[in-house]
Each structure stands twice: as C-alpha cells, then as structure tokens.
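Student: One file is attached below, coords02.pdb, containing PDB, C-alpha atoms and all ligand atoms.
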```
ATOM      1  CA  MET A 239      48.472  45.101-188.053
ATOM      2  CA  SER A 240      47.444  44.280-184.480
ATOM      3  CA  SER A 241      43.818  43.644-183.546
ATOM      4  CA  ARG A 242      44.731  44.602-179.968
ATOM      5  CA  ILE A 243      44.793  48.266-180.988
ATOM      6  CA  ALA A 244      41.456  49.905-181.764
ATOM      7  CA  VAL A 245      40.123  53.325-182.697
ATOM      8  CA  VAL A 246      36.854  54.747-181.335
ATOM      9  CA  PRO A 247      36.036  57.556-183.790
ATOM     10  CA  GLY A 248      33.282  60.124-183.566
ATOM     11  CA  SER A 249      32.303  63.772-183.585
ATOM     12  CA  PHE A 250      31.983  63.833-179.761
ATOM     13  CA  ASP A 251      30.221  67.224-179.963
ATOM     14  CA  PRO A 252      29.902  66.971-176.989
ATOM     15  CA  PRO A 253      30.961  63.612-175.500
ATOM     16  CA  THR A 254      27.974  61.862-173.864
ATOM     17  CA  LEU A 255      27.567  59.112-171.261
ATOM     18  CA  GLY A 256      26.768  56.807-174.206
ATOM     19  CA  HIS A 257      30.171  57.570-175.752
ATOM     20  CA  LEU A 258      31.928  57.027-172.428
ATOM     21  CA  ASP A 259      30.127  53.693-171.945
ATOM     22  CA  VAL A 260      31.369  52.487-175.351
ATOM     23  CA  ILE A 261      34.913  53.776-174.677
ATOM     24  CA  ARG A 262      35.021  52.111-171.235
ATOM     25  CA  ARG A 263      33.819  48.767-172.599
ATOM     26  CA  ALA A 264      36.166  48.916-175.595
ATOM     27  CA  ALA A 265      39.025  49.585-173.150
ATOM     28  CA  ARG A 266      38.361  46.144-171.684
ATOM     29  CA  LEU A 267      38.608  44.500-175.103
ATOM     30  CA  TYR A 268      41.783  46.143-176.428
ATOM     31  CA  ASP A 269      45.232  46.943-175.053
ATOM     32  CA  GLN A 270      45.441  50.352-176.652
ATOM     33  CA  LEU A 271      42.492  52.536-177.558
ATOM     34  CA  HIS A 272      42.591  55.691-179.657
ATOM     35  CA  VAL A 273      39.570  57.890-179.001
ATOM     36  CA  LEU A 274      39.571  59.979-182.146
ATOM     37  CA  VAL A 275      37.738  63.252-182.660
ATOM     38  CA  VAL A 276      36.909  63.473-186.360
ATOM     39  CA  HIS A 277      35.364  66.523-187.980
ATOM     40  CA  ASN A 278      32.077  65.507-189.592
ATOM     41  CA  PRO A 279      31.364  68.017-192.413
ATOM     42  CA  GLY A 280      27.722  66.886-192.439
ATOM     43  CA  LYS A 281      27.091  68.283-188.953
ATOM     44  CA  GLU A 282      27.127  71.881-187.722
ATOM     45  CA  ALA A 283      29.543  71.947-184.794
ATOM     46  CA  MET A 284      28.797  73.341-181.325
ATOM     47  CA  LEU A 285      32.303  72.953-179.865
ATOM     48  CA  PRO A 286      35.708  73.485-181.472
ATOM     49  CA  ILE A 287      37.777  70.296-181.884
ATOM     50  CA  ALA A 288      40.270  71.438-179.185
ATOM     51  CA  GLN A 289      37.442  71.755-176.650
ATOM     52  CA  ARG A 290      36.097  68.300-177.482
ATOM     53  CA  LEU A 291      39.606  66.869-177.031
ATOM     54  CA  SER A 292      39.963  68.521-173.655
ATOM     55  CA  LEU A 293      36.528  67.301-172.465
ATOM     56  CA  LEU A 294      37.267  63.749-173.654
ATOM     57  CA  GLU A 295      40.673  63.762-171.921
ATOM     58  CA  GLN A 296      39.086  64.899-168.643
ATOM     59  CA  SER A 297      36.202  62.405-168.980
ATOM     60  CA  VAL A 298      38.557  59.473-169.638
ATOM     61  CA  ALA A 299      40.859  60.533-166.766
ATOM     62  CA  GLU A 300      37.916  60.696-164.342
ATOM     63  CA  ASP A 301      36.598  57.258-165.397
ATOM     64  CA  ASP A 302      37.906  53.704-164.851
ATOM     65  CA  MET A 303      39.487  52.503-168.083
ATOM     66  CA  GLY A 304      41.091  49.408-166.548
ATOM     67  CA  ASP A 305      44.552  48.516-167.832
ATOM     68  CA  ALA A 306      44.128  49.813-171.382
ATOM     69  CA  GLU A 307      46.198  52.698-172.652
ATOM     70  CA  VAL A 308      43.655  55.282-173.797
ATOM     71  CA  ILE A 309      44.912  57.950-176.176
ATOM     72  CA  VAL A 310      42.713  60.924-177.106
ATOM     73  CA  ALA A 311      43.536  62.494-180.470
ATOM     74  CA  SER A 312      41.976  64.269-183.442
ATOM     75  CA  TRP A 313      42.172  63.686-187.182
ATOM     76  CA  SER A 314      41.280  66.079-189.943
ATOM     77  CA  VAL A 315      43.703  65.470-192.783
ATOM     78  CA  GLY A 316      42.416  62.392-194.573
ATOM     79  CA  LEU A 317      40.566  59.131-194.267
ATOM     80  CA  LEU A 318      39.807  57.676-190.858
ATOM     81  CA  VAL A 319      41.484  54.427-191.960
ATOM     82  CA  ASP A 320      44.695  56.375-192.681
ATOM     83  CA  TYR A 321      44.857  57.209-188.975
ATOM     84  CA  ALA A 322      44.071  53.589-188.054
ATOM     85  CA  THR A 323      46.829  52.310-190.349
ATOM     86  CA  GLU A 324      49.293  54.900-189.008
ATOM     87  CA  VAL A 325      48.814  53.740-185.394
ATOM     88  CA  GLY A 326      48.612  50.008-186.277
ATOM     89  CA  ALA A 327      44.925  49.608-185.402
ATOM     90  CA  GLY A 328      42.983  46.859-187.162
ATOM     91  CA  VAL A 329      39.619  47.677-185.618
ATOM     92  CA  LEU A 330      37.194  50.594-185.387
ATOM     93  CA  VAL A 331      34.724  50.434-182.486
ATOM     94  CA  LYS A 332      31.307  52.089-182.812
ATOM     95  CA  GLY A 333      28.231  52.168-180.579
ATOM     96  CA  ILE A 334      24.953  51.089-182.188
ATOM     97  CA  ARG A 335      21.769  52.376-180.541
ATOM     98  CA  SER A 336      19.121  51.593-183.143
ATOM     99  CA  GLN A 337      18.313  50.463-186.674
ATOM    100  CA  VAL A 338      18.990  54.044-187.752
ATOM    101  CA  ASP A 339      22.573  53.713-186.489
ATOM    102  CA  VAL A 340      22.911  50.335-188.241
ATOM    103  CA  ALA A 341      21.816  51.892-191.551
ATOM    104  CA  TYR A 342      24.217  54.845-191.059
ATOM    105  CA  GLU A 343      27.205  52.762-189.970
ATOM    106  CA  THR A 344      26.970  49.737-192.305
ATOM    107  CA  PRO A 345      28.133  51.445-195.537
ATOM    108  CA  MET A 346      30.998  53.154-193.679
ATOM    109  CA  ALA A 347      32.096  49.825-192.187
ATOM    110  CA  ILE A 348      32.082  48.168-195.618
ATOM    111  CA  VAL A 349      33.960  51.055-197.258
ATOM    112  CA  ASN A 350      36.561  51.144-194.462
ATOM    113  CA  ARG A 351      37.168  47.386-194.807
ATOM    114  CA  HIS A 352      37.616  47.706-198.563
ATOM    115  CA  LEU A 353      39.885  50.730-198.221
ATOM    116  CA  ALA A 354      42.304  49.314-195.652
ATOM    117  CA  HIS A 355      41.164  45.895-194.336
ATOM    118  CA  VAL A 356      40.104  47.630-191.132
ATOM    119  CA  GLU A 357      37.216  45.837-189.417
ATOM    120  CA  THR A 358      34.398  47.590-187.526
ATOM    121  CA  VAL A 359      33.159  46.173-184.226
ATOM    122  CA  PHE A 360      29.737  47.326-183.035
ATOM    123  CA  LEU A 361      28.928  47.477-179.327
ATOM    124  CA  LEU A 362      25.328  47.669-178.112
ATOM    125  CA  PRO A 363      24.770  50.458-175.611
ATOM    126  CA  ASP A 364      23.860  50.080-172.009
ATOM    127  CA  PRO A 365      20.044  50.551-172.174
ATOM    128  CA  ALA A 366      20.409  53.484-169.781
ATOM    129  CA  HIS A 367      22.176  55.410-172.561
ATOM    130  CA  ALA A 368      20.343  54.031-175.593
ATOM    131  CA  LEU A 369      18.452  57.250-176.281
ATOM    132  CA  VAL A 370      21.232  59.738-175.533
ATOM    133  CA  SER A 371      22.718  61.601-178.490
ATOM    134  CA  SER A 372      25.053  64.561-178.866
ATOM    135  CA  SER A 373      22.446  66.369-180.968
ATOM    136  CA  LEU A 374      19.850  66.137-178.174
ATOM    137  CA  VAL A 375      22.423  67.314-175.628
ATOM    138  CA  ARG A 376      23.290  70.278-177.895
ATOM    139  CA  GLN A 377      19.608  71.181-178.106
ATOM    140  CA  VAL A 378      18.994  70.908-174.335
ATOM    141  CA  ALA A 379      22.166  72.934-173.613
ATOM    142  CA  ALA A 380      21.238  75.636-176.133
ATOM    143  CA  LEU A 381      17.843  76.042-174.476
ATOM    144  CA  GLY A 382      19.323  76.287-170.980
ATOM    145  CA  GLY A 383      18.307  72.798-169.736
ATOM    146  CA  ASP A 384      20.213  70.527-167.360
ATOM    147  CA  VAL A 385      22.376  68.146-169.374
ATOM    148  CA  SER A 386      24.033  66.455-166.381
ATOM    149  CA  PRO A 387      21.969  63.219-166.665
ATOM    150  CA  PHE A 388      23.314  62.680-170.191
ATOM    151  CA  VAL A 389      26.990  63.678-170.158
ATOM    152  CA  PRO A 390      30.167  62.899-168.164
ATOM    153  CA  PRO A 391      30.761  65.204-165.158
ATOM    154  CA  ALA A 392      33.534  67.142-166.960
ATOM    155  CA  VAL A 393      31.169  67.958-169.835
ATOM    156  CA  ALA A 394      28.351  68.918-167.438
ATOM    157  CA  ARG A 395      30.716  71.273-165.570
ATOM    158  CA  PHE A 396      31.796  72.886-168.844
ATOM    159  CA  LEU A 397      28.290  73.273-170.318
ATOM    160  CA  ASP A 398      26.843  74.469-167.004
ATOM    161  CA  GLY A 399      29.634  77.066-166.745
ATOM    162  CA  GLY A 400      28.804  78.195-170.286
ATOM    163  CA  ALA A 401      25.122  78.554-169.418
ATOM    164  CA  ARG A 402      25.969  80.832-166.498
ATOM    165  CA  ARG A 403      28.456  83.007-168.432
TER     166      ARG A 403
HETATM  167  O1  LIG B 501      29.910  60.826-184.241
HETATM  168  P1  LIG B 501      29.651  60.762-185.725
HETATM  169  O2  LIG B 501      29.406  62.140-186.299
HETATM  170  O3  LIG B 501      28.550  59.807-186.055
HETATM  171  O4  LIG B 501      31.009  60.198-186.378
HETATM  172  C1  LIG B 501      31.082  59.965-187.768
HETATM  173  C2  LIG B 501      32.520  59.802-188.213
HETATM  174  C3  LIG B 501      33.312  61.061-187.890
HETATM  175  C4  LIG B 501      33.149  58.630-187.476
HETATM  176  C5  LIG B 501      32.486  59.558-189.736
HETATM  177  O5  LIG B 501      31.953  60.687-190.346
HETATM  178  C6  LIG B 501      33.831  59.226-190.326
HETATM  179  O6  LIG B 501      34.268  58.104-190.218
HETATM  180  N1  LIG B 501      34.525  60.215-190.929
HETATM  181  C7  LIG B 501      35.863  60.006-191.470
HETATM  182  C8  LIG B 501      35.947  60.304-192.968
HETATM  183  C9  LIG B 501      36.226  59.038-193.779
HETATM  184  O7  LIG B 501      37.202  58.341-193.559
HETATM  185  N2  LIG B 501      35.307  58.748-194.729
HETATM  186  C10 LIG B 501      35.413  57.647-195.651
HETATM  187  C11 LIG B 501      34.955  56.298-195.163
HETATM  188  S1  LIG B 501      33.434  56.214-194.314
END
```
Just give me the structure of the file as structure tokens.

Tutor:
Amino acid sequence: MSSRIAVVPGSFDPPTLGHLDVIRRAARLYDQLHVLVVHNPGKEAMLPIAQRLSLLEQSVAEDDMGDAEVIVASWSVGLLVDYATEVGAGVLVKGIRSQVDVAYETPMAIVNRHLAHVETVFLLPDPAHALVSSSLVRQVAALGGDVSPFVPPAVARFLDGGARR
C-alpha cells in the first residue's frame, strides 16, 4: 500500500473554500489524491451526490493543484477504508478546524486504522477559512444570502443561479 496515494473524504455539501484549501495542500503532499464524496446518513443533504461531484470537479479544475493527479469520485457501497484499499491509498486527509472537529474525527481515525491500517493525517486550516462550514453555507444559501466569500467560484455560480431561478 503506497503512502503517496491519499483520499480526502467528506460530504462536500457543498464544497467550501476550506475544503479546497485542504485539497490543494494535500495535493502538494501526495502524488495521487482521491477527493471522495461520501454520503453521510447523519446529515440531511442539500445537493445530490452527482451535483457535488460536478462542483468539486469544476472547483479542482479551476484551482492550482500542482503536479498531483486529483481524482474526484463518490462512494456509497461500504466502508471508506474499502475505497482506500481498492485504490491503494494508505492515508486519509482531513481538515481540523477546532476541538469539536478533533473530537468528531479522532474515533473515526482510530476505527479506520484498526479496520484497514489506513492512517489519518490532519491538516490545520488556513485561518481565513477556519470558521467556514458547509452547514453555514447551506443556511446562508437557503435564506438568500451571498455565499461567494465562503465557496469556490464554481459553487458560488451554481448557488447564485439557484437563488435566481
Ligand atoms: O464532511 P463530513 O460529513 O464530516 O464527512 C464525514 C465522512 C463522510 C468522511 C464520514 O462520515 C465517513 O468516513 N463515512 C464513511 C463510513 C465509514 O467508513 N464508517 C466507518 C468508519 S468511521
């Protein structure tokens, strides 16, 4: 299993500038990066998985990912570590904004290591994005606010178009 291949999993509902910051920085640490949209049954979704995939693909294409190969995919048929094992990834990369994120992520990291010897690497966010979350963006978008300071341009274009429809 290569540690040069990593997975960045998440709900990405919608992708935010915080997500893109983590993806961009992970792309400088690994040769191949799988940005994986995973359905989280604990969260009520705003966007269908296919829409999140499309927004992530556009956001990655419009950004500078350096020399890494960035693959955008989704996974809904089993454990996250099954996907990681299938693509030969030894690492999951997650962004950690606060102690709340640490408490949420720590048990998952331990379980994933026990399940498949897959390590989790935590990246601290750029302070500019430390308070941005998909749930806040969903709330601002639902109430007709401007989400462009918090999301990649492709997501802003999509959500703004939705607001005007
Ligand atoms: O962006 P989110 O909602 O915080 O992402 C959470 C996610 C999707 C990464 C998490 O729910 C997850 O890892 N789901 C995969 C299911 C799984 O493998 N569970 C067992 C080990 S934790």

Student: With the cut-off set at 8 Å and counting all atoms listed in the file, tabulate each residue of chain A with an atom at most that distance from an atom of ligand LIG 501 (chain B), showing the nearest atom pair and its distance in Å to one decimal, ordered by chain and increasing number, as JSON lines.

Tutor:
```
{"residue": "A:Pro247", "atom": "CA", "partner": "B:LIG501", "partner_atom": "C4", "distance": 4.8}
{"residue": "A:Gly248", "atom": "CA", "partner": "B:LIG501", "partner_atom": "O1", "distance": 3.5}
{"residue": "A:Ser249", "atom": "CA", "partner": "B:LIG501", "partner_atom": "O1", "distance": 3.9}
{"residue": "A:Phe250", "atom": "CA", "partner": "B:LIG501", "partner_atom": "O1", "distance": 5.8}
{"residue": "A:Asp251", "atom": "CA", "partner": "B:LIG501", "partner_atom": "O1", "distance": 7.7}
{"residue": "A:Val275", "atom": "CA", "partner": "B:LIG501", "partner_atom": "C3", "distance": 7.2}
{"residue": "A:Val276", "atom": "CA", "partner": "B:LIG501", "partner_atom": "C3", "distance": 4.6}
{"residue": "A:His277", "atom": "CA", "partner": "B:LIG501", "partner_atom": "C3", "distance": 5.8}
{"residue": "A:Asn278", "atom": "CA", "partner": "B:LIG501", "partner_atom": "O5", "distance": 4.9}
{"residue": "A:Pro279", "atom": "CA", "partner": "B:LIG501", "partner_atom": "O5", "distance": 7.6}
{"residue": "A:Gly280", "atom": "CA", "partner": "B:LIG501", "partner_atom": "O5", "distance": 7.8}
{"residue": "A:Lys281", "atom": "CA", "partner": "B:LIG501", "partner_atom": "O2", "distance": 7.1}
{"residue": "A:Gly316", "atom": "CA", "partner": "B:LIG501", "partner_atom": "O7", "distance": 6.7}
{"residue": "A:Leu317", "atom": "CA", "partner": "B:LIG501", "partner_atom": "O7", "distance": 3.5}
{"residue": "A:Leu318", "atom": "CA", "partner": "B:LIG501", "partner_atom": "O7", "distance": 3.8}
{"residue": "A:Val319", "atom": "CA", "partner": "B:LIG501", "partner_atom": "O7", "distance": 6.0}
{"residue": "A:Asp320", "atom": "CA", "partner": "B:LIG501", "partner_atom": "O7", "distance": 7.8}
{"residue": "A:Pro345", "atom": "CA", "partner": "B:LIG501", "partner_atom": "S1", "distance": 7.2}
{"residue": "A:Met346", "atom": "CA", "partner": "B:LIG501", "partner_atom": "S1", "distance": 4.0}
{"residue": "A:Ala347", "atom": "CA", "partner": "B:LIG501", "partner_atom": "S1", "distance": 6.9}
{"residue": "A:Val349", "atom": "CA", "partner": "B:LIG501", "partner_atom": "C11", "distance": 5.7}
{"residue": "A:Asn350", "atom": "CA", "partner": "B:LIG501", "partner_atom": "C11", "distance": 5.4}
```

Student: Write to file, as a PDB file, in the frame of the given file, the residues of the selection just made, with C-alpha atoms.

Tutor:
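Okay, this is what ended up in part_36.pdb:
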```
ATOM      1  CA  PRO A 247      36.036  57.556-183.790  1.00  0.00           C
ATOM      2  CA  GLY A 248      33.282  60.124-183.566  1.00  0.00           C
ATOM      3  CA  SER A 249      32.303  63.772-183.585  1.00  0.00           C
ATOM      4  CA  PHE A 250      31.983  63.833-179.761  1.00  0.00           C
ATOM      5  CA  ASP A 251      30.221  67.224-179.963  1.00  0.00           C
ATOM      6  CA  VAL A 275      37.738  63.252-182.660  1.00  0.00           C
ATOM      7  CA  VAL A 276      36.909  63.473-186.360  1.00  0.00           C
ATOM      8  CA  HIS A 277      35.364  66.523-187.980  1.00  0.00           C
ATOM      9  CA  ASN A 278      32.077  65.507-189.592  1.00  0.00           C
ATOM     10  CA  PRO A 279      31.364  68.017-192.413  1.00  0.00           C
ATOM     11  CA  GLY A 280      27.722  66.886-192.439  1.00  0.00           C
ATOM     12  CA  LYS A 281      27.091  68.283-188.953  1.00  0.00           C
ATOM     13  CA  GLY A 316      42.416  62.392-194.573  1.00  0.00           C
ATOM     14  CA  LEU A 317      40.566  59.131-194.267  1.00  0.00           C
ATOM     15  CA  LEU A 318      39.807  57.676-190.858  1.00  0.00           C
ATOM     16  CA  VAL A 319      41.484  54.427-191.960  1.00  0.00           C
ATOM     17  CA  ASP A 320      44.695  56.375-192.681  1.00  0.00           C
ATOM     18  CA  PRO A 345      28.133  51.445-195.537  1.00  0.00           C
ATOM     19  CA  MET A 346      30.998  53.154-193.679  1.00  0.00           C
ATOM     20  CA  ALA A 347      32.096  49.825-192.187  1.00  0.00           C
ATOM     21  CA  VAL A 349      33.960  51.055-197.258  1.00  0.00           C
ATOM     22  CA  ASN A 350      36.561  51.144-194.462  1.00  0.00           C
TER      23      ASN A 350
END
```

Student: Could you check the closest approach to Val393 (chain A) for each of A:Pro286, A:Pro365, A:Gly304, A:Pro252 and tell me which residue wins, using only C-alpha atoms?

Tutor: A:Pro252

Student: If you count all atoms listed in the file, which residues fall within 10 Å of Leu361 (chain A), apart from same-chain ones fewer than 2 positions away, as a list in words?

Tutor: Asp259, Val260, Ile261, Arg263, Ala264, Val331, Lys332, Gly333, Ile334, Arg335, Thr358, Val359, Pro363 and Asp364 of chain A

Student: Report as a CSV table (one decimal) with C-alpha atoms, in the coordinates of the input the residues that result from applying the PyMOL selection byres (((chain A and resi 302) around 12) and not hetatm) to the structure here.

Tutor:
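Result saved to selection.csv:
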```csv
chain,number,residue,atom,x,y,z
A,258,LEU,CA,31.9,57.0,-172.4
A,259,ASP,CA,30.1,53.7,-171.9
A,261,ILE,CA,34.9,53.8,-174.7
A,262,ARG,CA,35.0,52.1,-171.2
A,263,ARG,CA,33.8,48.8,-172.6
A,264,ALA,CA,36.2,48.9,-175.6
A,265,ALA,CA,39.0,49.6,-173.2
A,266,ARG,CA,38.4,46.1,-171.7
A,296,GLN,CA,39.1,64.9,-168.6
A,297,SER,CA,36.2,62.4,-169.0
A,298,VAL,CA,38.6,59.5,-169.6
A,299,ALA,CA,40.9,60.5,-166.8
A,300,GLU,CA,37.9,60.7,-164.3
A,301,ASP,CA,36.6,57.3,-165.4
A,303,MET,CA,39.5,52.5,-168.1
A,304,GLY,CA,41.1,49.4,-166.5
A,305,ASP,CA,44.6,48.5,-167.8
A,306,ALA,CA,44.1,49.8,-171.4
A,307,GLU,CA,46.2,52.7,-172.7
A,308,VAL,CA,43.7,55.3,-173.8
```

Student: Would you mind telling me which residue in A:Leu369, A:Leu397, A:Ala327, A:Ala288 lies nearest to Asp339 (chain A) when using only C-alpha atoms?

Tutor: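 Looking at the shortest contact to Asp339 (chain A), the residue is A:Leu369.
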
Student: Pull the neighbourhood of (22.5, 71.7, -171.6) for me: all residues within 10 Å in file coordinates, counting only C-alpha atoms, as a PDB file with C-alpha atoms, in the coordinates of the input.

Tutor:
```pdb
ATOM      1  CA  LEU A 374      19.850  66.137-178.174  1.00  0.00           C
ATOM      2  CA  VAL A 375      22.423  67.314-175.628  1.00  0.00           C
ATOM      3  CA  ARG A 376      23.290  70.278-177.895  1.00  0.00           C
ATOM      4  CA  GLN A 377      19.608  71.181-178.106  1.00  0.00           C
ATOM      5  CA  VAL A 378      18.994  70.908-174.335  1.00  0.00           C
ATOM      6  CA  ALA A 379      22.166  72.934-173.613  1.00  0.00           C
ATOM      7  CA  ALA A 380      21.238  75.636-176.133  1.00  0.00           C
ATOM      8  CA  LEU A 381      17.843  76.042-174.476  1.00  0.00           C
ATOM      9  CA  GLY A 382      19.323  76.287-170.980  1.00  0.00           C
ATOM     10  CA  GLY A 383      18.307  72.798-169.736  1.00  0.00           C
ATOM     11  CA  ASP A 384      20.213  70.527-167.360  1.00  0.00           C
ATOM     12  CA  VAL A 385      22.376  68.146-169.374  1.00  0.00           C
ATOM     13  CA  SER A 386      24.033  66.455-166.381  1.00  0.00           C
ATOM     14  CA  PRO A 387      21.969  63.219-166.665  1.00  0.00           C
ATOM     15  CA  PHE A 388      23.314  62.680-170.191  1.00  0.00           C
ATOM     16  CA  VAL A 389      26.990  63.678-170.158  1.00  0.00           C
ATOM     17  CA  VAL A 393      31.169  67.958-169.835  1.00  0.00           C
ATOM     18  CA  ALA A 394      28.351  68.918-167.438  1.00  0.00           C
ATOM     19  CA  PHE A 396      31.796  72.886-168.844  1.00  0.00           C
ATOM     20  CA  LEU A 397      28.290  73.273-170.318  1.00  0.00           C
ATOM     21  CA  ASP A 398      26.843  74.469-167.004  1.00  0.00           C
ATOM     22  CA  GLY A 400      28.804  78.195-170.286  1.00  0.00           C
ATOM     23  CA  ALA A 401      25.122  78.554-169.418  1.00  0.00           C
TER      24      ALA A 401
END
```

Student: Rounded to one decimal, what separation in Å do you get between CA of Arg290 (chain A) and CA of Leu330 (chain A)?

Tutor: 19.4 Å

Student: From the options A:Leu285, A:Leu291, A:Ile309, A:Ala322, which residue's atoms come nearest to Ala354 (chain A), counting all atoms listed in the file?

Tutor: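 For Ala354 (chain A), the nearest of the given residues is A:Ala322.
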
Student: Pick the closest to Ala244 (chain A) from A:Leu267, A:Leu294, A:Val329, A:Ala311: which is it, counting all atoms listed in the file?

Tutor: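 Closest residue, counting all atoms listed in the file: A:Val329.
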